[in-house]
Every structure is written in structure tokens, then in C-alpha cells.
$ cat work_27.cif   # mmCIF, C-alpha atoms
data_run
#
loop_
_atom_site.label_atom_id
_atom_site.label_comp_id
_atom_site.auth_asym_id
_atom_site.auth_seq_id
_atom_site.Cartn_x
_atom_site.Cartn_y
_atom_site.Cartn_z
CA MET A 1 -8.37 98.45 -45.38
CA LEU A 2 -5.93 95.65 -46.20
CA SER A 3 -3.48 96.10 -49.04
CA SER A 4 -3.83 94.05 -52.21
CA SER A 5 -0.82 91.98 -51.20
CA SER A 6 -2.39 91.18 -47.83
CA MET A 7 -5.65 90.21 -49.52
CA MET A 8 -3.77 87.85 -51.83
CA MET A 9 -1.92 86.27 -48.92
CA LEU A 10 -5.16 85.58 -47.05
CA ARG A 11 -6.79 84.24 -50.16
CA ARG A 12 -3.88 81.89 -50.75
CA PHE A 13 -4.02 80.75 -47.14
CA CYS A 14 -7.69 79.88 -47.47
CA CYS A 15 -7.37 78.36 -50.89
CA LEU A 16 -4.31 77.32 -52.80
CA SER A 17 -1.63 77.93 -50.22
CA ALA A 18 -0.47 74.36 -50.46
CA ALA A 19 -0.22 72.84 -53.90
CA ALA A 20 -0.20 69.40 -52.36
CA VAL A 21 -3.50 67.54 -52.46
CA PRO A 22 -3.80 64.30 -50.50
CA PRO A 23 -3.40 61.38 -52.92
CA SER A 24 -6.43 59.18 -53.38
CA GLY A 25 -4.76 56.39 -51.46
CA SER A 26 -4.46 58.53 -48.32
CA VAL A 27 -8.20 58.60 -47.66
CA ASN A 28 -10.51 55.80 -46.67
CA SER A 29 -11.05 54.04 -50.01
CA GLN A 30 -14.38 52.62 -48.83
CA LYS A 31 -15.88 56.07 -48.34
CA LYS A 32 -17.15 58.20 -51.21
CA ARG A 33 -15.34 61.50 -51.63
CA LEU A 34 -17.71 64.48 -51.54
CA VAL A 35 -16.84 68.09 -52.20
CA PHE A 36 -19.10 70.72 -50.71
CA MET A 37 -19.64 74.08 -52.42
CA GLY A 38 -21.35 76.99 -50.70
CA SER A 39 -20.74 80.43 -49.26
CA PRO A 40 -23.35 82.17 -47.00
CA GLN A 41 -24.53 81.21 -43.53
CA VAL A 42 -27.35 78.98 -44.81
CA SER A 43 -24.69 76.99 -46.69
CA ALA A 44 -22.59 76.72 -43.53
CA SER A 45 -25.53 75.09 -41.78
CA VAL A 46 -25.73 72.49 -44.55
CA LEU A 47 -21.99 71.85 -44.34
CA ASP A 48 -22.20 71.45 -40.56
CA THR A 49 -24.86 68.75 -40.97
CA LEU A 50 -22.83 66.95 -43.63
CA LEU A 51 -19.67 67.02 -41.49
CA ASN A 52 -21.61 65.55 -38.57
CA ALA A 53 -23.09 62.85 -40.79
CA SER A 54 -19.70 62.01 -42.30
CA ALA A 55 -18.23 61.55 -38.81
CA ALA A 56 -20.74 58.85 -37.89
CA PRO A 57 -19.20 55.35 -37.50
CA ASP A 58 -21.36 53.93 -40.28
CA SER A 59 -20.91 56.86 -42.67
CA PHE A 60 -20.36 55.95 -46.32
CA PHE A 61 -18.95 59.33 -47.38
CA GLU A 62 -16.43 61.94 -46.33
CA ILE A 63 -15.97 65.62 -47.08
CA ALA A 64 -12.82 65.73 -49.18
CA ALA A 65 -12.72 69.50 -49.77
CA ILE A 66 -14.65 72.75 -49.65
CA VAL A 67 -15.15 75.27 -52.45
CA THR A 68 -16.41 78.71 -51.47
CA GLN A 69 -16.25 82.39 -52.37
CA PRO A 70 -12.98 84.25 -51.69
CA PRO A 71 -12.57 86.29 -48.48
CA SER A 72 -14.38 89.61 -48.66
CA VAL A 73 -14.37 92.90 -46.79
CA ARG A 74 -17.18 92.98 -44.24
CA ASP A 75 -18.28 94.94 -41.21
CA ARG A 76 -17.39 98.50 -40.30
CA GLY A 77 -13.86 97.50 -39.42
CA ARG A 78 -13.24 96.82 -43.12
CA LYS A 79 -11.71 93.48 -42.23
CA LEU A 80 -11.08 90.85 -44.85
CA MET A 81 -13.14 87.88 -43.68
CA PRO A 82 -13.58 84.32 -44.98
CA SER A 83 -17.03 83.25 -46.09
CA PRO A 84 -19.23 81.65 -43.40
CA VAL A 85 -18.61 78.27 -45.07
CA ALA A 86 -14.83 78.73 -45.02
CA GLN A 87 -14.93 79.87 -41.41
CA LEU A 88 -16.98 76.84 -40.35
CA ALA A 89 -14.63 74.51 -42.21
CA LEU A 90 -11.62 76.03 -40.43
CA ASP A 91 -13.42 75.87 -37.08
CA ARG A 92 -14.19 72.19 -37.68
CA GLY A 93 -10.52 71.47 -38.38
CA LEU A 94 -10.51 71.07 -42.15
CA PRO A 95 -6.97 71.73 -43.45
CA SER A 96 -6.69 75.13 -45.09
CA GLU A 97 -5.22 73.60 -48.24
CA LEU A 98 -8.53 71.79 -48.77
CA ILE A 99 -10.55 75.03 -48.72
CA PHE A 100 -10.61 76.33 -52.28
CA THR A 101 -11.64 79.94 -52.95
CA PRO A 102 -11.32 80.63 -56.67
CA LEU A 103 -12.69 83.88 -58.05
CA LYS A 104 -14.24 81.75 -60.77
CA ALA A 105 -14.74 78.01 -60.96
CA SER A 106 -13.28 78.13 -64.47
CA GLU A 107 -9.75 79.02 -63.28
CA GLU A 108 -7.30 76.48 -64.72
CA ALA A 109 -5.16 76.38 -61.57
CA PHE A 110 -8.24 75.58 -59.48
CA LEU A 111 -9.55 72.96 -61.92
CA SER A 112 -6.16 71.26 -62.01
CA ARG A 113 -5.90 70.94 -58.23
CA PHE A 114 -9.57 70.09 -57.91
CA SER A 115 -9.30 67.18 -60.35
CA LEU A 116 -6.45 65.72 -58.30
CA LEU A 117 -8.91 65.18 -55.47
CA GLU A 118 -10.80 62.72 -57.69
CA PRO A 119 -14.16 63.73 -56.19
CA GLU A 120 -17.03 61.36 -56.75
CA LEU A 121 -19.80 63.85 -55.97
CA CYS A 122 -20.16 67.61 -55.52
CA ILE A 123 -22.90 69.15 -53.41
CA THR A 124 -23.76 72.81 -53.98
CA ALA A 125 -25.82 75.05 -51.72
CA ALA A 126 -25.86 78.77 -52.57
CA TYR A 127 -22.30 78.68 -53.86
CA GLY A 128 -22.75 81.84 -55.92
CA ASN A 129 -20.62 80.99 -58.93
CA ILE A 130 -21.40 79.53 -62.36
CA LEU A 131 -19.95 76.06 -62.88
CA PRO A 132 -18.39 75.43 -66.32
CA ILE A 133 -18.54 72.16 -68.22
CA LYS A 134 -14.89 71.46 -67.37
CA PHE A 135 -15.83 71.48 -63.70
CA LEU A 136 -19.03 69.47 -64.10
CA ASN A 137 -17.10 66.72 -65.92
CA ILE A 138 -14.77 66.09 -62.97
CA PRO A 139 -17.02 64.48 -60.29
CA THR A 140 -17.72 60.95 -61.47
CA MET A 141 -21.23 60.89 -59.99
CA GLY A 142 -22.10 64.45 -60.92
CA THR A 143 -23.00 67.60 -59.02
CA VAL A 144 -26.19 67.93 -57.01
CA ASN A 145 -27.68 71.28 -55.99
CA ILE A 146 -29.99 72.22 -53.14
CA HIS A 147 -32.24 74.84 -54.75
CA PRO A 148 -34.81 76.67 -52.59
CA SER A 149 -37.75 76.57 -54.99
CA LEU A 150 -40.03 74.05 -56.65
CA LEU A 151 -38.17 73.69 -59.92
CA PRO A 152 -38.70 74.61 -62.70
CA LEU A 153 -40.21 77.62 -60.92
CA HIS A 154 -37.90 80.43 -59.83
CA ARG A 155 -34.63 79.40 -61.41
CA GLY A 156 -31.77 81.77 -60.69
CA ALA A 157 -29.97 83.73 -58.00
CA ALA A 158 -32.93 84.86 -55.87
CA PRO A 159 -35.60 82.14 -55.85
CA VAL A 160 -36.82 82.76 -52.29
CA GLN A 161 -37.02 86.53 -52.69
CA ARG A 162 -38.77 86.42 -56.04
CA ALA A 163 -41.25 83.81 -54.82
CA LEU A 164 -42.24 86.06 -51.91
CA GLN A 165 -42.39 89.07 -54.22
CA ASP A 166 -44.76 87.12 -56.45
CA GLY A 167 -46.96 86.45 -53.42
CA VAL A 168 -46.93 82.66 -53.77
CA ARG A 169 -48.72 80.65 -51.09
CA GLU A 170 -46.64 77.55 -51.68
CA THR A 171 -42.96 77.06 -52.38
CA GLY A 172 -40.39 74.42 -51.51
CA VAL A 173 -36.91 73.05 -52.06
CA SER A 174 -35.58 70.85 -54.85
CA LEU A 175 -32.65 68.49 -55.07
CA ALA A 176 -31.47 68.50 -58.67
CA TYR A 177 -28.49 67.53 -60.77
CA THR A 178 -26.48 70.47 -62.07
CA VAL A 179 -26.18 70.93 -65.81
CA ARG A 180 -24.71 73.78 -67.82
CA LYS A 181 -28.07 75.53 -68.18
CA LEU A 182 -29.06 77.46 -65.05
CA ASP A 183 -30.98 75.28 -62.53
CA ALA A 184 -32.31 73.11 -65.35
CA GLY A 185 -31.08 69.65 -64.37
CA PRO A 186 -33.23 66.60 -63.56
CA VAL A 187 -34.93 66.78 -60.16
CA ILE A 188 -34.11 63.95 -57.76
CA SER A 189 -36.59 64.95 -55.07
CA PHE A 190 -38.46 67.96 -53.69
CA GLU A 191 -40.44 69.04 -50.65
CA LYS A 192 -43.26 71.57 -50.57
CA MET A 193 -43.94 74.23 -47.94
CA GLU A 194 -47.04 76.33 -47.33
CA LEU A 195 -46.45 80.04 -46.70
CA ASP A 196 -48.29 82.55 -44.55
CA ASP A 197 -48.58 86.28 -45.24
CA HIS A 198 -45.85 87.35 -42.85
CA ILE A 199 -42.72 85.24 -43.35
CA LYS A 200 -39.71 87.19 -44.65
CA ALA A 201 -36.94 86.08 -46.99
CA PRO A 202 -34.14 85.47 -44.42
CA GLU A 203 -36.35 83.20 -42.31
CA LEU A 204 -37.76 81.35 -45.31
CA LEU A 205 -34.28 80.87 -46.79
CA GLU A 206 -33.10 79.27 -43.56
CA LEU A 207 -36.14 76.99 -43.36
CA LEU A 208 -35.84 75.83 -46.96
CA PHE A 209 -32.14 75.04 -46.73
CA ALA A 210 -32.80 73.09 -43.52
CA LYS A 211 -35.44 71.08 -45.38
CA GLY A 212 -33.10 70.72 -48.34
CA CYS A 213 -30.33 69.42 -46.13
CA SER A 214 -32.62 66.76 -44.67
CA LEU A 215 -33.68 65.86 -48.20
CA LEU A 216 -30.03 65.50 -49.22
CA ILE A 217 -29.14 63.24 -46.30
CA ARG A 218 -32.13 61.06 -47.14
CA GLU A 219 -31.26 60.85 -50.84
CA LEU A 220 -27.47 60.49 -50.57
CA PRO A 221 -27.50 56.66 -50.66
CA SER A 222 -29.40 56.64 -53.96
CA ILE A 223 -27.23 59.42 -55.38
CA LEU A 224 -24.05 57.56 -54.52
CA ASP A 225 -25.22 54.17 -55.79
CA GLY A 226 -26.40 55.73 -59.04
CA SER A 227 -30.09 54.91 -58.72
CA ALA A 228 -31.01 58.58 -58.25
CA LYS A 229 -30.08 59.29 -61.86
CA GLU A 230 -32.55 56.70 -63.02
CA LYS A 231 -35.44 58.13 -60.99
CA ALA A 232 -34.62 61.83 -61.49
CA VAL A 233 -37.33 63.65 -63.46
CA SER A 234 -36.57 66.09 -66.26
CA GLN A 235 -37.96 69.59 -65.77
CA ASP A 236 -40.83 70.91 -67.86
CA GLU A 237 -39.25 73.83 -69.70
CA SER A 238 -42.65 75.28 -70.57
CA LYS A 239 -43.26 75.96 -66.87
CA ALA A 240 -39.86 77.49 -66.09
CA THR A 241 -39.72 80.94 -64.50
CA LEU A 242 -36.69 83.05 -63.64
CA ALA A 243 -35.61 84.61 -60.35
CA PRO A 244 -32.98 87.22 -61.19
CA LYS A 245 -30.62 88.70 -58.62
CA LEU A 246 -31.99 91.59 -56.55
CA THR A 247 -30.58 95.07 -57.08
CA PRO A 248 -30.50 98.10 -54.75
CA GLU A 249 -32.35 100.12 -57.38
CA GLU A 250 -35.39 97.86 -56.88
CA SER A 251 -35.64 98.63 -53.17
CA TRP A 252 -37.83 101.74 -53.55
CA LEU A 253 -41.54 101.42 -52.77
CA SER A 254 -43.98 103.15 -55.06
CA PHE A 255 -47.34 103.89 -53.45
CA ASP A 256 -49.13 103.98 -56.78
CA GLN A 257 -49.16 100.18 -56.40
CA GLU A 258 -51.60 98.20 -54.28
CA ALA A 259 -50.80 97.45 -50.65
CA ILE A 260 -50.46 93.69 -51.17
CA THR A 261 -47.80 94.24 -53.84
CA LEU A 262 -45.78 96.47 -51.52
CA HIS A 263 -46.21 94.14 -48.54
CA ASN A 264 -44.89 91.21 -50.56
CA LYS A 265 -41.92 93.28 -51.68
CA VAL A 266 -41.07 94.25 -48.09
CA ARG A 267 -41.04 90.56 -47.13
CA ALA A 268 -39.02 89.58 -50.18
CA PHE A 269 -36.37 92.29 -49.86
CA ALA A 270 -35.93 91.93 -46.07
CA GLY A 271 -32.31 91.64 -45.05
CA TRP A 272 -30.76 92.84 -48.33
CA PRO A 273 -31.31 95.22 -50.02
CA GLY A 274 -34.32 96.13 -47.85
CA THR A 275 -37.13 98.43 -48.94
CA ARG A 276 -37.17 102.23 -48.80
CA ALA A 277 -39.74 104.97 -49.18
CA LYS A 278 -39.58 108.72 -49.69
CA VAL A 279 -41.84 110.74 -47.41
CA SER A 280 -42.48 114.41 -46.83
CA ILE A 281 -42.62 115.87 -43.32
CA PHE A 282 -44.35 119.23 -42.84
CA ASP A 283 -44.04 121.33 -39.66
CA PRO A 284 -47.23 123.44 -39.32
CA VAL A 285 -45.55 125.72 -36.76
CA SER A 286 -42.55 126.76 -38.85
CA SER A 287 -44.16 125.93 -42.24
CA LYS A 288 -40.97 124.04 -43.13
CA GLN A 289 -41.11 120.91 -45.22
CA ILE A 290 -38.41 118.28 -45.68
CA GLU A 291 -38.13 115.05 -47.63
CA ILE A 292 -36.51 112.00 -46.07
CA ASP A 293 -35.83 108.39 -46.99
CA ILE A 294 -36.91 105.73 -44.53
CA LYS A 295 -36.45 102.01 -44.54
CA ILE A 296 -39.66 100.02 -44.29
CA ILE A 297 -38.94 96.98 -42.12
CA THR A 298 -42.22 95.23 -41.24
CA THR A 299 -45.68 95.66 -42.75
CA ARG A 300 -49.13 94.16 -43.12
CA VAL A 301 -52.03 94.88 -45.43
CA SER A 302 -54.74 97.01 -43.83
CA SER A 303 -58.27 95.68 -43.80
CA SER A 304 -59.60 99.25 -44.03
CA ARG A 305 -60.03 101.28 -47.20
CA ASN A 306 -58.00 104.44 -47.58
CA SER A 307 -59.65 107.76 -48.39
CA ARG A 308 -57.18 110.36 -47.11
CA GLY A 309 -55.16 111.16 -50.24
CA ASN A 310 -51.44 110.79 -49.60
CA GLU A 311 -51.51 111.54 -45.87
CA ILE A 312 -49.93 108.95 -43.56
CA LEU A 313 -51.93 108.29 -40.42
CA PHE A 314 -51.20 106.51 -37.15
CA VAL A 315 -53.92 103.97 -36.35
CA GLU A 316 -53.82 101.28 -33.67
CA GLY A 317 -50.04 101.03 -33.46
CA ALA A 318 -49.31 101.26 -37.19
CA LEU A 319 -48.37 103.92 -39.70
CA VAL A 320 -51.03 103.67 -42.41
CA PHE A 321 -49.66 104.46 -45.87
CA PRO A 322 -52.25 105.13 -48.61
CA CYS A 323 -51.77 102.95 -51.69
CA ALA A 324 -53.39 102.40 -55.08
CA HIS A 325 -57.09 101.58 -55.58
CA GLY A 326 -58.04 102.63 -52.06
CA THR A 327 -55.81 100.05 -50.35
CA ALA A 328 -53.56 100.85 -47.39
CA LEU A 329 -50.28 99.45 -46.06
CA GLU A 330 -49.77 99.27 -42.31
CA VAL A 331 -46.11 99.85 -41.45
CA LEU A 332 -45.12 98.40 -38.07
CA GLU A 333 -41.36 99.05 -38.04
CA VAL A 334 -39.18 101.67 -39.76
CA GLN A 335 -35.58 102.81 -39.73
CA LEU A 336 -34.27 106.33 -40.27
CA PRO A 337 -30.85 106.80 -41.92
CA GLY A 338 -28.09 106.00 -39.43
CA LYS A 339 -30.57 105.01 -36.72
CA LYS A 340 -31.84 101.79 -35.19
CA VAL A 341 -35.07 100.08 -36.18
CA VAL A 342 -38.01 101.48 -34.20
CA GLY A 343 -41.68 100.66 -33.90
CA ALA A 344 -44.34 102.77 -35.58
CA ALA A 345 -45.41 104.35 -32.28
CA ALA A 346 -41.89 105.56 -31.46
CA PHE A 347 -41.53 107.03 -34.94
CA TRP A 348 -44.91 108.76 -34.74
CA ASN A 349 -44.16 110.23 -31.32
CA GLY A 350 -40.90 111.61 -32.68
CA LEU A 351 -42.81 113.63 -35.27
CA ARG A 352 -44.28 115.81 -32.49
CA GLY A 353 -47.35 116.85 -34.41
CA GLN A 354 -45.70 117.20 -37.82
CA LYS A 355 -47.66 115.98 -40.83
CA ILE A 356 -46.22 113.17 -42.93
CA THR A 357 -47.23 112.27 -46.49
CA THR A 358 -46.07 109.84 -49.14
CA LEU A 359 -44.04 110.80 -52.19
CA HIS A 360 -44.36 108.63 -55.28
#
$ encode --input "work_27.cif" --output "C-alpha cells"
Amino acid sequence: MLSSSSMMMLRRFCCLSAAAVPPSGSVNSQKKRLVFMGSPQVSASVLDTLLNASAAPDSFFEIAAIVTQPPSVRDRGRKLMPSPVAQLALDRGLPSELIFTPLKASEEAFLSRFSLLEPELCITAAYGNILPIKFLNIPTMGTVNIHPSLLPLHRGAAPVQRALQDGVRETGVSLAYTVRKLDAGPVISFEKMELDDHIKAPELLELLFAKGCSLLIRELPSILDGSAKEKAVSQDESKATLAPKLTPEESWLSFDQEAITLHNKVRAFAGWPGTRAKVSIFDPVSSKQIEIDIKIITTRVSSSRNSRGNEILFVEGALVFPCAHGTALEVLEVQLPGKKVVGAAAFWNGLRGQKITTLH
């Protein structure tokens, strides 16, 4: 684990290591100055597309700076690593002094240096930090956010996950101006997407940000000439719903709920924090019984009705978990603590005749 002094040094390198900011005259005055704000891998994909577009001979904008989350400790090696967005920016040759990593966007030192850039537009994509009024007043053409939901539905930190948890059959991505109220700004454009019963949150998140990036590239001319503000539509507050951040405490499955509810939760919580279940394993030979926690990775709703109490069966390649109102959840992949993900058949064979039941 790195010392606090080492962490600060790396943070300064990736953020405010050089107080100097290129004066406005040092950049191409005919190109609009954009600042990109994002942190996770889906944001890095958006940044990569914007950098490619800005490098085109006929491009009318340039990426003047990046704002992202500070380096964090990741992986088993406990290494302090830059965010995926910061890493991509460094890999693409952006000067480190133009990669800002404030703990909060309200920091005075950050706002002071940021304002010296004289940005005309900010683009946010899963940045992960609340933007104060002082920040929002700096870009002359405003701040535009790629939000992976059909606003005003699913405002908040986990729109994709909460949409899947709700079992929606249609979602989408919105391009909206950022205002002080969470995800409540006028919508410039949006694109819908039909959902099947199997897509999980990580895959859907990637698809929606890809669509959102295409939407942004298409709308950038109108955003930068100001006409987007005239056509942007105010959100209907009466239809607004919230999508709060996921918590590890929510990851437990309760089999007193119907199978469809649990299946949707497994899809929504895939990746992080995942979904877990408590089960009891009974050995009829030794009469010993143990309780274990298992991660539920992939599921589907059974077409058959359950009538076997709380006993888990193995039917046609799936572990069949009894659920509420006679429904059943077919579990196709599981993971034991400290082990790799395995298919239902491999898990069942490992039981060697032991009986397994659900615990609520």
C-alpha cells in the first residue's frame, strides 16, 4: 500500500502538478474548447471517440482538458491507479497538467485553474461527482451530460441498474444540459432501445454510452452554435423517477419474492455488487448441515411451477430455486467464495449427493 505522501504525489502528477495552463491564445482560436469529464471505462470509450473526432482535419472543436476522479487503489496488488479516463488521456498524449483530478469539483484551487482554460463547453459521461453552480457558470455554452436513461426516468447514480431491476422493456440514452438539480436539465436529444430478458447491466451500460456518444457527435454542431438550447425540451417533473446508488447490502436475494423479481435483480446487480444467496447443504451420510453464501451470476425464469418447498433441484442444466407464489428461478452460473464462476452442472456434481435448500 502506498503511503499518503506517495498518493499525493501521484495525484498531483495527474492533476495539478503544473500550475501553468496554456493561455487562450496558444490554442487554435477557430476551434471550440471542450472539456471532457468522466471516470470509468465507458467514459473512456466516449473520450476516445471525441479525441478521434477532434483530430479530423475539418474538426470544429478540440479537447482542452480532462476532469476525472482521483487515482484509486485497485487490484490485489493494492496499486494506486489512475481512472480509465485518465489512463486513456495519458496514453493518447494529453499533457498531465491538463488532466484534473479534484476530490470535489467545488475545490477553489481546481475552479481557479479550470476557469483559466476558458472552456466553451463541458461534456460529462459518468463523471461521478456533483457539479456546483460555480463550476456550471464557467463554460460559456454550458455543460452537457450523456445520461443512460430516458429522462426524466431514472435520474441518479444508477439509471441502468435500476431500470433493469424495475424490469423495463424499453430504456435509452439522453443528451441533456446540466443544471444544479440532479439530471433535471433540458433534454437536447434521446434515443430509445428495446430490451430483452437476458441483458445485464455492464453490457447495457456499454451499449447505451456508445449510443450516447454517437448522439453527442451528431448534436455537437447545434450545441456549439447555440441552436440546441432553443430546441431542448424541459423535463416533465411529474414523471421523474430516481435511480439511487447501489449498495452491497442490497445484493442479497430473498426467495420469498417471485422469480421474475429476483431474475431482474441478478441482471441489474451484475458486475458490482453482484447478487448473493444463503443456502443450506445437508449431508445425509454424516447428517451434517452447513450454511454457505454463493454468488448468483446468471439466471432465467423457469416456465415450470414449483411445488417442492425450499429444496433446490437440478433440472436440464440448471439449479432450480423455489420462489414465491409457486414460481422458480433457474440458476445457470454460480460462484463459491474465493472460487471461479462455474456452471450449474459443475456445482451440482460437486455436491456429491448432498441436499441443498434455500434460506430466506
$ atom_distance --input "work_27.cif" --atom1 "atom CA of Gln235 of chain A" --atom2 "atom CA of Ile188 of chain A"
10.5 Å
$ residues_around --input "work_27.cif" --residues "segment 273-288 of chain A" --least-positions-apart "2" --cutoff "10 Å" --atoms "all atoms listed in the file" --output "MDAnalysis selection string"
chainID A and resid 246:255 262 265:271 290:298 310:312 334:336 351:360
$ closest_atom_pairs --input "work_27.cif" --of "segment 160-267 of chain A" --to "segment 105-121 of chain A" --cutoff "12 Å" --atoms "all atoms listed in the file" --output "Markdown table"
| residue | atom | partner | partner_atom | distance |
| --- | --- | --- | --- | --- |
| A:Tyr177 | CA | A:Leu121 | CA | 10.6 |
| A:Thr178 | CA | A:Leu121 | CA | 11.2 |
| A:Leu220 | CA | A:Leu121 | CA | 10.0 |
| A:Pro221 | CA | A:Leu121 | CA | 11.8 |
| A:Ile223 | CA | A:Leu121 | CA | 8.7 |
| A:Leu224 | CA | A:Leu121 | CA | 7.7 |
| A:Asp225 | CA | A:Glu120 | CA | 10.9 |
| A:Gly226 | CA | A:Leu121 | CA | 10.9 |
$ resolve_selection --input "work_27.cif" --expression "the PyMOL selection byres ((chain A and resi 57-71) around 9)" --output "PDB file with C-alpha atoms, keeping the file's coordinate frame"
ATOM      1  CA  MET A   7      -5.650  90.210 -49.520  1.00  0.00           C
ATOM      2  CA  LEU A  10      -5.160  85.580 -47.050  1.00  0.00           C
ATOM      3  CA  ARG A  11      -6.790  84.240 -50.160  1.00  0.00           C
ATOM      4  CA  CYS A  14      -7.690  79.880 -47.470  1.00  0.00           C
ATOM      5  CA  CYS A  15      -7.370  78.360 -50.890  1.00  0.00           C
ATOM      6  CA  VAL A  27      -8.200  58.600 -47.660  1.00  0.00           C
ATOM      7  CA  ASN A  28     -10.510  55.800 -46.670  1.00  0.00           C
ATOM      8  CA  GLN A  30     -14.380  52.620 -48.830  1.00  0.00           C
ATOM      9  CA  LYS A  31     -15.880  56.070 -48.340  1.00  0.00           C
ATOM     10  CA  LYS A  32     -17.150  58.200 -51.210  1.00  0.00           C
ATOM     11  CA  ARG A  33     -15.340  61.500 -51.630  1.00  0.00           C
ATOM     12  CA  LEU A  34     -17.710  64.480 -51.540  1.00  0.00           C
ATOM     13  CA  VAL A  35     -16.840  68.090 -52.200  1.00  0.00           C
ATOM     14  CA  PHE A  36     -19.100  70.720 -50.710  1.00  0.00           C
ATOM     15  CA  MET A  37     -19.640  74.080 -52.420  1.00  0.00           C
ATOM     16  CA  GLY A  38     -21.350  76.990 -50.700  1.00  0.00           C
ATOM     17  CA  SER A  39     -20.740  80.430 -49.260  1.00  0.00           C
ATOM     18  CA  PRO A  40     -23.350  82.170 -47.000  1.00  0.00           C
ATOM     19  CA  LEU A  50     -22.830  66.950 -43.630  1.00  0.00           C
ATOM     20  CA  LEU A  51     -19.670  67.020 -41.490  1.00  0.00           C
ATOM     21  CA  ALA A  53     -23.090  62.850 -40.790  1.00  0.00           C
ATOM     22  CA  SER A  54     -19.700  62.010 -42.300  1.00  0.00           C
ATOM     23  CA  ALA A  55     -18.230  61.550 -38.810  1.00  0.00           C
ATOM     24  CA  ALA A  56     -20.740  58.850 -37.890  1.00  0.00           C
ATOM     25  CA  SER A  72     -14.380  89.610 -48.660  1.00  0.00           C
ATOM     26  CA  VAL A  73     -14.370  92.900 -46.790  1.00  0.00           C
ATOM     27  CA  LEU A  80     -11.080  90.850 -44.850  1.00  0.00           C
ATOM     28  CA  MET A  81     -13.140  87.880 -43.680  1.00  0.00           C
ATOM     29  CA  PRO A  82     -13.580  84.320 -44.980  1.00  0.00           C
ATOM     30  CA  SER A  83     -17.030  83.250 -46.090  1.00  0.00           C
ATOM     31  CA  VAL A  85     -18.610  78.270 -45.070  1.00  0.00           C
ATOM     32  CA  ALA A  86     -14.830  78.730 -45.020  1.00  0.00           C
ATOM     33  CA  ALA A  89     -14.630  74.510 -42.210  1.00  0.00           C
ATOM     34  CA  LEU A  94     -10.510  71.070 -42.150  1.00  0.00           C
ATOM     35  CA  PRO A  95      -6.970  71.730 -43.450  1.00  0.00           C
ATOM     36  CA  GLU A  97      -5.220  73.600 -48.240  1.00  0.00           C
ATOM     37  CA  LEU A  98      -8.530  71.790 -48.770  1.00  0.00           C
ATOM     38  CA  ILE A  99     -10.550  75.030 -48.720  1.00  0.00           C
ATOM     39  CA  PHE A 100     -10.610  76.330 -52.280  1.00  0.00           C
ATOM     40  CA  THR A 101     -11.640  79.940 -52.950  1.00  0.00           C
ATOM     41  CA  PRO A 102     -11.320  80.630 -56.670  1.00  0.00           C
ATOM     42  CA  LEU A 103     -12.690  83.880 -58.050  1.00  0.00           C
ATOM     43  CA  LYS A 104     -14.240  81.750 -60.770  1.00  0.00           C
ATOM     44  CA  ALA A 105     -14.740  78.010 -60.960  1.00  0.00           C
ATOM     45  CA  PHE A 114      -9.570  70.090 -57.910  1.00  0.00           C
ATOM     46  CA  LEU A 117      -8.910  65.180 -55.470  1.00  0.00           C
ATOM     47  CA  PRO A 119     -14.160  63.730 -56.190  1.00  0.00           C
ATOM     48  CA  TYR A 127     -22.300  78.680 -53.860  1.00  0.00           C
ATOM     49  CA  GLY A 128     -22.750  81.840 -55.920  1.00  0.00           C
ATOM     50  CA  ASN A 129     -20.620  80.990 -58.930  1.00  0.00           C
ATOM     51  CA  PRO A 221     -27.500  56.660 -50.660  1.00  0.00           C
ATOM     52  CA  LEU A 224     -24.050  57.560 -54.520  1.00  0.00           C
TER      53      LEU A 224
END
$ atom_distance --input "work_27.cif" --atom1 "atom CA of Gly326 of chain A" --atom2 "atom CA of Asn306 of chain A"
4.8 Å
$ atom_distance --input "work_27.cif" --atom1 "atom CA of Thr327 of chain A" --atom2 "atom CA of Ala259 of chain A"
5.7 Å
$ resolve_selection --input "work_27.cif" --expression "the PyMOL selection byres ((chain A and resi 207) around 12)" --output "count of residues only"
30
